[in-house]
$ cat coords01.cif   # mmCIF, C-alpha atoms
data_my_file
loop_
_atom_site.label_atom_id
_atom_site.label_comp_id
_atom_site.auth_asym_id
_atom_site.auth_seq_id
_atom_site.Cartn_x
_atom_site.Cartn_y
_atom_site.Cartn_z
CA MET T 19 -33.59 -142.38 -86.26
CA THR T 20 -31.57 -145.55 -85.95
CA GLU T 21 -28.74 -146.04 -83.48
CA ASN T 22 -25.28 -145.16 -84.81
CA GLU T 23 -26.65 -143.12 -87.72
CA VAL T 24 -24.09 -140.44 -88.59
CA LYS T 25 -25.31 -136.88 -88.09
CA ILE T 26 -23.60 -133.58 -88.88
CA GLY T 27 -23.84 -130.72 -86.42
CA GLU T 28 -22.26 -127.50 -85.15
CA VAL T 29 -20.93 -126.97 -81.64
CA ILE T 30 -22.95 -124.18 -80.08
CA TRP T 31 -21.40 -124.32 -76.62
CA TYR T 32 -18.79 -126.37 -74.78
CA ASN T 33 -17.27 -125.76 -71.35
CA GLU T 34 -14.09 -127.70 -70.52
CA ARG T 35 -14.40 -126.97 -66.82
CA LYS T 36 -17.93 -128.33 -66.59
CA GLY T 37 -17.13 -131.14 -68.99
CA TYR T 38 -20.10 -130.88 -71.30
CA GLY T 39 -21.72 -128.86 -74.03
CA PHE T 40 -24.24 -128.94 -76.86
CA VAL T 41 -24.18 -129.62 -80.58
CA LYS T 42 -26.92 -128.27 -82.85
CA ILE T 43 -28.28 -131.03 -85.10
CA ASN T 44 -31.37 -130.33 -87.22
CA ASN T 45 -32.50 -127.45 -84.96
CA ALA T 46 -32.14 -129.60 -81.82
CA GLU T 47 -29.53 -129.08 -79.11
CA VAL T 48 -27.88 -132.43 -78.36
CA PHE T 49 -25.82 -132.99 -75.21
CA ILE T 50 -22.13 -133.96 -75.51
CA HIS T 51 -20.06 -135.12 -72.52
CA ARG T 52 -16.29 -134.83 -72.00
CA SER T 53 -15.96 -138.64 -72.01
CA THR T 54 -17.05 -138.57 -75.66
CA LEU T 55 -14.26 -136.11 -76.46
CA GLY T 56 -11.79 -138.19 -74.47
CA ARG T 57 -12.55 -141.30 -76.53
CA PHE T 58 -11.83 -139.23 -79.65
CA GLY T 59 -8.58 -137.89 -78.14
CA MET T 60 -9.72 -134.28 -77.64
CA ILE T 61 -10.23 -132.12 -74.56
CA ARG T 62 -11.80 -129.04 -76.15
CA LEU T 63 -14.40 -128.11 -78.71
CA LEU T 64 -14.78 -124.58 -80.01
CA THR T 65 -18.00 -122.82 -80.89
CA VAL T 66 -18.76 -123.34 -84.60
CA ASP T 67 -16.67 -126.54 -84.88
CA GLN T 68 -18.44 -128.76 -87.39
CA VAL T 69 -18.73 -132.34 -86.12
CA SER T 70 -20.01 -135.65 -87.34
CA VAL T 71 -21.38 -137.80 -84.55
CA SER T 72 -23.38 -140.89 -83.78
CA LEU T 73 -26.29 -140.42 -81.40
CA ALA T 74 -27.86 -142.50 -78.68
CA ALA T 75 -30.88 -141.99 -76.48
CA ASN T 76 -30.97 -141.96 -72.70
CA GLU T 77 -33.55 -140.96 -70.10
CA HIS T 78 -33.00 -137.27 -70.98
CA GLY T 79 -33.28 -137.63 -74.76
CA GLN T 80 -30.72 -137.66 -77.56
CA VAL T 81 -27.01 -137.51 -76.63
CA VAL T 82 -23.82 -137.70 -78.64
CA GLN T 83 -22.54 -141.25 -78.33
CA ASP T 84 -19.41 -141.01 -80.47
CA LEU T 85 -17.51 -138.13 -82.00
CA LEU T 86 -16.40 -139.18 -85.50
CA THR T 87 -14.86 -136.07 -87.09
CA ILE T 88 -14.18 -132.43 -86.24
CA GLU T 89 -13.75 -129.69 -88.82
CA ARG T 90 -12.57 -126.39 -87.47
CA PRO T 91 -13.41 -123.57 -89.88
CA ALA T 92 -10.40 -121.56 -90.99
CA ASN T 93 -10.32 -118.54 -88.77
CA PRO T 94 -8.46 -115.69 -90.39
CA ALA T 95 -6.28 -113.75 -87.98
CA PRO T 96 -8.26 -110.93 -86.44
CA PRO T 97 -7.35 -107.55 -87.82
CA ASN T 98 -4.88 -105.63 -85.72
CA ALA T 99 -5.73 -102.16 -84.50
CA SER T 100 -3.26 -99.31 -84.38
CA LYS T 101 -5.05 -96.67 -82.31
CA PRO T 102 -8.14 -96.54 -80.09
CA ASP T 103 -11.49 -95.53 -81.52
CA GLU T 104 -14.02 -93.72 -79.35
CA GLY T 105 -15.02 -95.96 -76.44
CA GLU T 106 -11.88 -98.11 -76.69
CA MET T 107 -8.84 -98.16 -74.43
CA ARG T 108 -5.43 -99.75 -74.46
CA ALA T 109 -4.87 -102.80 -72.28
CA VAL T 110 -2.27 -105.47 -71.59
CA ALA T 111 -3.09 -109.14 -70.91
CA LYS T 112 -2.24 -109.92 -67.29
CA PHE T 113 -3.05 -113.64 -67.57
CA PHE T 114 -5.43 -115.97 -69.39
CA ASN T 115 -6.31 -119.54 -68.40
CA ASP T 116 -7.21 -121.54 -71.52
CA ILE T 117 -8.69 -124.43 -69.54
CA ARG T 118 -11.01 -122.28 -67.44
CA GLY T 119 -11.74 -119.92 -70.32
CA TYR T 120 -11.10 -116.60 -68.65
CA GLY T 121 -8.43 -114.15 -67.58
CA PHE T 122 -7.73 -110.53 -66.77
CA VAL T 123 -6.25 -107.54 -68.56
CA THR T 124 -4.89 -104.31 -67.15
CA ALA T 125 -6.51 -101.29 -68.81
CA GLU T 126 -4.49 -98.07 -69.01
CA ASP T 127 -7.20 -95.80 -67.57
CA LEU T 128 -8.53 -98.02 -64.76
CA ASN T 129 -7.23 -98.80 -61.29
CA LYS T 130 -8.44 -102.40 -61.35
CA ASP T 131 -8.14 -105.46 -63.53
CA VAL T 132 -10.72 -106.16 -66.21
CA PHE T 133 -12.22 -109.64 -66.61
CA VAL T 134 -12.15 -111.26 -70.06
CA HIS T 135 -14.02 -114.45 -71.03
CA SER T 136 -13.08 -116.83 -73.86
CA ARG T 137 -16.53 -116.34 -75.40
CA VAL T 138 -15.70 -112.66 -76.00
CA LEU T 139 -12.35 -113.60 -77.54
CA ASN T 140 -14.02 -116.18 -79.80
CA ASN T 141 -16.56 -113.59 -80.93
CA CYS T 142 -13.67 -111.23 -81.76
CA GLY T 143 -11.83 -113.85 -83.83
CA PHE T 144 -9.20 -115.22 -81.47
CA HIS T 145 -9.16 -117.88 -78.78
CA SER T 146 -6.56 -116.99 -76.18
CA LEU T 147 -4.31 -114.25 -74.82
CA MET T 148 -0.63 -114.34 -74.00
CA GLN T 149 0.71 -112.54 -70.94
CA GLY T 150 1.87 -109.08 -71.96
CA GLN T 151 -0.13 -109.07 -75.22
CA LYS T 152 -1.31 -105.54 -76.08
CA LEU T 153 -4.97 -104.99 -76.96
CA LEU T 154 -7.60 -102.40 -77.64
CA ILE T 155 -10.71 -103.19 -75.63
CA ARG T 156 -14.25 -102.02 -75.00
CA ILE T 157 -15.43 -102.46 -71.44
CA GLY T 158 -18.86 -103.13 -69.99
CA ASN T 159 -19.91 -103.87 -66.43
CA SER T 160 -21.05 -107.37 -65.49
CA GLY T 161 -22.21 -106.19 -62.06
CA ARG T 162 -19.29 -107.55 -60.01
CA TRP T 163 -16.40 -106.07 -61.98
CA PRO T 164 -15.57 -104.45 -65.31
CA GLN T 165 -15.62 -106.93 -68.19
CA VAL T 166 -14.15 -106.86 -71.69
CA GLN T 167 -17.00 -106.72 -74.22
CA ALA T 168 -14.82 -106.62 -77.36
CA GLY T 169 -11.14 -106.50 -78.19
CA LEU T 170 -8.51 -106.50 -80.91
CA PRO T 171 -4.76 -107.13 -80.84
CA LEU T 172 -2.83 -103.88 -80.89
CA ASP T 173 0.01 -103.16 -83.33
CA ASP T 174 2.50 -101.36 -81.10
#
$ encode --input "coords01.cif" --output "structure tokens"
Amino acid sequence: MTENEVKIGEVIWYNERKGYGFVKINNAEVFIHRSTLGRFGMIRLLTVDQVSVSLAANEHGQVVQDLLTIERPANPAPPNASKPDEGEMRAVAKFFNDIRGYGFVTAEDLNKDVFVHSRVLNNCGFHSLMQGQKLLIRIGNSGRWPQVQAGLPLDD
């Protein structure tokens, strides 16, 4: 591959706090650093963003040198739920930090807050929570505290 050849890839993971992530290009995971996003005028990439990039090589292998375009697939609004199914409970968003990618919700049947990660929200079709937003959630246990495993906005 020649330097500056344009390649198309899909973002498979990016963490704003850590300042790096990976783009899948031809079955290879290629490193992308926050400085590359900064030169393009962005601070965040979302999983499944389609990107065109130029690559360079360093001592660790291929890396994204320049970000050329970003296409964010249209994400239809997640369906709203109206009542809990078995295993679901009502919750209210306590806070959510978009930069750090996590927050907490208050579940109606628990005495403690429930952790929610942006990855779970992305998998459920939305990217953030607003304080006071009503949800239906499924909870699992991450070992340290209860964690949202799935959720939907609640009509109510």
$ residues_around --input "coords01.cif" --residues "segment 28-31 of chain T" --least-positions-apart "4" --cutoff "8 Å" --atoms "all atoms listed in the file" --output "list of chain:residue names"
T:Gly39, T:Phe40, T:Val41, T:Lys42, T:Ile43, T:Leu63, T:Leu64, T:Thr65, T:Val66, T:Asp67, T:Gln68, T:Val69
$ atom_distance --input "coords01.cif" --atom1 "atom CA of Glu106 of chain T" --atom2 "atom CA of Gly169 of chain T"
8.6 Å
$ atom_distance --input "coords01.cif" --atom1 "atom CA of Ala75 of chain T" --atom2 "atom CA of Glu34 of chain T"
22.8 Å
$ resolve_selection --input "coords01.cif" --expression "the PyMOL selection byres ((chain T and resi 83) around 10)" --output "list of chain:residue names"
T:Glu21, T:Asn22, T:Phe49, T:Ile50, T:His51, T:Ser53, T:Thr54, T:Leu55, T:Val71, T:Ser72, T:Leu73, T:Ala74, T:Ala75, T:Gln80, T:Val81, T:Val82, T:Asp84, T:Leu85, T:Leu86
$ atom_distance --input "coords01.cif" --atom1 "atom CA of Val166 of chain T" --atom2 "atom CA of Lys36 of chain T"
22.4 Å
$ closest_residue --input "coords01.cif" --among "T:Asn45, T:Asn33, T:Thr124, T:Asn129" --to "Gln151 of chain T" --atoms "all atoms listed in the file"
T:Thr124
$ closest_residue --input "coords01.cif" --among "T:Arg57, T:Arg108, T:Arg62, T:Arg90" --to "Ile157 of chain T" --atoms "all atoms listed in the file"
T:Arg108
$ closest_residue --input "coords01.cif" --among "T:Arg162, T:His78, T:Arg35, T:Lys112" --to "Val48 of chain T" --atoms "only C-alpha atoms"
T:His78
$ axis_aligned_box --input "coords01.cif" --around "segment 55-67 of chain T" --padding-each-side "6 Å" --output "JSON"
{"center_x": -13.7, "center_y": -132.1, "center_z": -79.7, "size_x": 22.2, "size_y": 30.5, "size_z": 22.4}
$ resolve_selection --input "coords01.cif" --expression "the PyMOL selection byres ((chain T and resi 131) around 12)" --output "ChimeraX atom specification"
/T:109-113,121-130,132-134,157,162-166
$ write_last_selection --input "coords01.cif" --atoms "C-alpha atoms" --output "PDB file, in the frame of the given file"
ATOM      1  CA  ALA T 109      -4.870-102.800 -72.280  1.00  0.00           C
ATOM      2  CA  VAL T 110      -2.270-105.470 -71.590  1.00  0.00           C
ATOM      3  CA  ALA T 111      -3.090-109.140 -70.910  1.00  0.00           C
ATOM      4  CA  LYS T 112      -2.240-109.920 -67.290  1.00  0.00           C
ATOM      5  CA  PHE T 113      -3.050-113.640 -67.570  1.00  0.00           C
ATOM      6  CA  GLY T 121      -8.430-114.150 -67.580  1.00  0.00           C
ATOM      7  CA  PHE T 122      -7.730-110.530 -66.770  1.00  0.00           C
ATOM      8  CA  VAL T 123      -6.250-107.540 -68.560  1.00  0.00           C
ATOM      9  CA  THR T 124      -4.890-104.310 -67.150  1.00  0.00           C
ATOM     10  CA  ALA T 125      -6.510-101.290 -68.810  1.00  0.00           C
ATOM     11  CA  GLU T 126      -4.490 -98.070 -69.010  1.00  0.00           C
ATOM     12  CA  ASP T 127      -7.200 -95.800 -67.570  1.00  0.00           C
ATOM     13  CA  LEU T 128      -8.530 -98.020 -64.760  1.00  0.00           C
ATOM     14  CA  ASN T 129      -7.230 -98.800 -61.290  1.00  0.00           C
ATOM     15  CA  LYS T 130      -8.440-102.400 -61.350  1.00  0.00           C
ATOM     16  CA  VAL T 132     -10.720-106.160 -66.210  1.00  0.00           C
ATOM     17  CA  PHE T 133     -12.220-109.640 -66.610  1.00  0.00           C
ATOM     18  CA  VAL T 134     -12.150-111.260 -70.060  1.00  0.00           C
ATOM     19  CA  ILE T 157     -15.430-102.460 -71.440  1.00  0.00           C
ATOM     20  CA  ARG T 162     -19.290-107.550 -60.010  1.00  0.00           C
ATOM     21  CA  TRP T 163     -16.400-106.070 -61.980  1.00  0.00           C
ATOM     22  CA  PRO T 164     -15.570-104.450 -65.310  1.00  0.00           C
ATOM     23  CA  GLN T 165     -15.620-106.930 -68.190  1.00  0.00           C
ATOM     24  CA  VAL T 166     -14.150-106.860 -71.690  1.00  0.00           C
TER      25      VAL T 166
END
$ build_atoms --input "coords01.cif" --residues "segment 21-57 of chain T" --atoms "N, CA and C atoms" --output "mmCIF file, keeping the file's coordinate frame"
data_model
loop_
_atom_site.group_PDB
_atom_site.id
_atom_site.type_symbol
_atom_site.label_atom_id
_atom_site.label_comp_id
_atom_site.auth_asym_id
_atom_site.auth_seq_id
_atom_site.Cartn_x
_atom_site.Cartn_y
_atom_site.Cartn_z
ATOM 1 N N GLU T 21 -29.973 -146.181 -84.255
ATOM 2 C CA GLU T 21 -28.740 -146.040 -83.480
ATOM 3 C C GLU T 21 -27.558 -146.017 -84.429
ATOM 4 N N ASN T 22 -26.533 -145.255 -84.064
ATOM 5 C CA ASN T 22 -25.280 -145.160 -84.810
ATOM 6 C C ASN T 22 -25.405 -144.496 -86.173
ATOM 7 N N GLU T 23 -26.523 -143.881 -86.478
ATOM 8 C CA GLU T 23 -26.650 -143.120 -87.720
ATOM 9 C C GLU T 23 -25.767 -141.879 -87.591
ATOM 10 N N VAL T 24 -24.994 -141.588 -88.629
ATOM 11 C CA VAL T 24 -24.090 -140.440 -88.590
ATOM 12 C C VAL T 24 -24.873 -139.159 -88.840
ATOM 13 N N LYS T 25 -24.668 -138.186 -87.974
ATOM 14 C CA LYS T 25 -25.310 -136.880 -88.090
ATOM 15 C C LYS T 25 -24.234 -135.806 -88.106
ATOM 16 N N ILE T 26 -24.514 -134.716 -88.813
ATOM 17 C CA ILE T 26 -23.600 -133.580 -88.880
ATOM 18 C C ILE T 26 -24.198 -132.457 -88.038
ATOM 19 N N GLY T 27 -23.351 -131.798 -87.257
ATOM 20 C CA GLY T 27 -23.840 -130.720 -86.420
ATOM 21 C C GLY T 27 -22.771 -129.665 -86.197
ATOM 22 N N GLU T 28 -23.161 -128.619 -85.477
ATOM 23 C CA GLU T 28 -22.260 -127.500 -85.150
ATOM 24 C C GLU T 28 -22.248 -127.324 -83.642
ATOM 25 N N VAL T 29 -21.051 -127.203 -83.075
ATOM 26 C CA VAL T 29 -20.930 -126.970 -81.640
ATOM 27 C C VAL T 29 -21.449 -125.572 -81.341
ATOM 28 N N ILE T 30 -22.415 -125.495 -80.437
ATOM 29 C CA ILE T 30 -22.950 -124.180 -80.080
ATOM 30 C C ILE T 30 -22.436 -123.723 -78.721
ATOM 31 N N TRP T 31 -21.926 -124.673 -77.927
ATOM 32 C CA TRP T 31 -21.400 -124.320 -76.620
ATOM 33 C C TRP T 31 -20.693 -125.529 -76.055
ATOM 34 N N TYR T 32 -19.498 -125.311 -75.501
ATOM 35 C CA TYR T 32 -18.790 -126.370 -74.780
ATOM 36 C C TYR T 32 -17.945 -125.742 -73.697
ATOM 37 N N ASN T 33 -18.015 -126.281 -72.483
ATOM 38 C CA ASN T 33 -17.270 -125.760 -71.350
ATOM 39 C C ASN T 33 -16.365 -126.857 -70.815
ATOM 40 N N GLU T 34 -15.036 -126.679 -70.982
ATOM 41 C CA GLU T 34 -14.090 -127.700 -70.520
ATOM 42 C C GLU T 34 -14.178 -127.922 -69.021
ATOM 43 N N ARG T 35 -14.359 -126.858 -68.278
ATOM 44 C CA ARG T 35 -14.400 -126.970 -66.820
ATOM 45 C C ARG T 35 -15.586 -127.806 -66.354
ATOM 46 N N LYS T 36 -16.735 -127.564 -66.964
ATOM 47 C CA LYS T 36 -17.930 -128.330 -66.590
ATOM 48 C C LYS T 36 -17.934 -129.710 -67.226
ATOM 49 N N GLY T 37 -17.244 -129.831 -68.362
ATOM 50 C CA GLY T 37 -17.130 -131.140 -68.990
ATOM 51 C C GLY T 37 -18.293 -131.536 -69.882
ATOM 52 N N TYR T 38 -19.013 -130.560 -70.372
ATOM 53 C CA TYR T 38 -20.100 -130.880 -71.300
ATOM 54 C C TYR T 38 -20.426 -129.675 -72.160
ATOM 55 N N GLY T 39 -21.273 -129.922 -73.141
ATOM 56 C CA GLY T 39 -21.720 -128.860 -74.030
ATOM 57 C C GLY T 39 -22.855 -129.347 -74.890
ATOM 58 N N PHE T 40 -23.120 -128.599 -75.981
ATOM 59 C CA PHE T 40 -24.240 -128.940 -76.860
ATOM 60 C C PHE T 40 -23.854 -128.753 -78.310
ATOM 61 N N VAL T 41 -24.364 -129.645 -79.136
ATOM 62 C CA VAL T 41 -24.180 -129.620 -80.580
ATOM 63 C C VAL T 41 -25.555 -129.416 -81.202
ATOM 64 N N LYS T 42 -25.646 -128.501 -82.169
ATOM 65 C CA LYS T 42 -26.920 -128.270 -82.850
ATOM 66 C C LYS T 42 -27.005 -129.214 -84.043
ATOM 67 N N ILE T 43 -28.026 -130.070 -84.023
ATOM 68 C CA ILE T 43 -28.280 -131.030 -85.100
ATOM 69 C C ILE T 43 -29.738 -130.899 -85.494
ATOM 70 N N ASN T 44 -29.988 -130.494 -86.737
ATOM 71 C CA ASN T 44 -31.370 -130.330 -87.220
ATOM 72 C C ASN T 44 -32.232 -129.519 -86.253
ATOM 73 N N ASN T 45 -31.767 -128.349 -85.850
ATOM 74 C CA ASN T 45 -32.500 -127.450 -84.960
ATOM 75 C C ASN T 45 -32.696 -127.971 -83.543
ATOM 76 N N ALA T 46 -32.058 -129.081 -83.190
ATOM 77 C CA ALA T 46 -32.140 -129.600 -81.820
ATOM 78 C C ALA T 46 -30.768 -129.466 -81.163
ATOM 79 N N GLU T 47 -30.769 -129.148 -79.873
ATOM 80 C CA GLU T 47 -29.530 -129.080 -79.110
ATOM 81 C C GLU T 47 -29.303 -130.443 -78.463
ATOM 82 N N VAL T 48 -28.181 -131.086 -78.826
ATOM 83 C CA VAL T 48 -27.880 -132.430 -78.360
ATOM 84 C C VAL T 48 -26.684 -132.369 -77.411
ATOM 85 N N PHE T 49 -26.823 -132.979 -76.258
ATOM 86 C CA PHE T 49 -25.820 -132.990 -75.210
ATOM 87 C C PHE T 49 -24.578 -133.777 -75.634
ATOM 88 N N ILE T 50 -23.378 -133.231 -75.306
ATOM 89 C CA ILE T 50 -22.130 -133.960 -75.510
ATOM 90 C C ILE T 50 -21.314 -133.883 -74.230
ATOM 91 N N HIS T 51 -20.809 -135.024 -73.773
ATOM 92 C CA HIS T 51 -20.060 -135.120 -72.520
ATOM 93 C C HIS T 51 -18.567 -135.226 -72.796
ATOM 94 N N ARG T 52 -17.744 -134.787 -71.837
ATOM 95 C CA ARG T 52 -16.290 -134.830 -72.000
ATOM 96 C C ARG T 52 -15.769 -136.236 -72.264
ATOM 97 N N SER T 53 -16.422 -137.264 -71.764
ATOM 98 C CA SER T 53 -15.960 -138.640 -72.010
ATOM 99 C C SER T 53 -16.006 -138.967 -73.501
ATOM 100 N N THR T 54 -16.962 -138.377 -74.213
ATOM 101 C CA THR T 54 -17.050 -138.570 -75.660
ATOM 102 C C THR T 54 -15.847 -137.944 -76.340
ATOM 103 N N LEU T 55 -15.444 -136.753 -75.910
ATOM 104 C CA LEU T 55 -14.260 -136.110 -76.460
ATOM 105 C C LEU T 55 -13.013 -136.916 -76.132
ATOM 106 N N GLY T 56 -12.941 -137.401 -74.906
ATOM 107 C CA GLY T 56 -11.790 -138.190 -74.470
ATOM 108 C C GLY T 56 -11.585 -139.434 -75.325
ATOM 109 N N ARG T 57 -12.670 -140.115 -75.673
ATOM 110 C CA ARG T 57 -12.550 -141.300 -76.530
ATOM 111 C C ARG T 57 -12.033 -140.934 -77.910
#
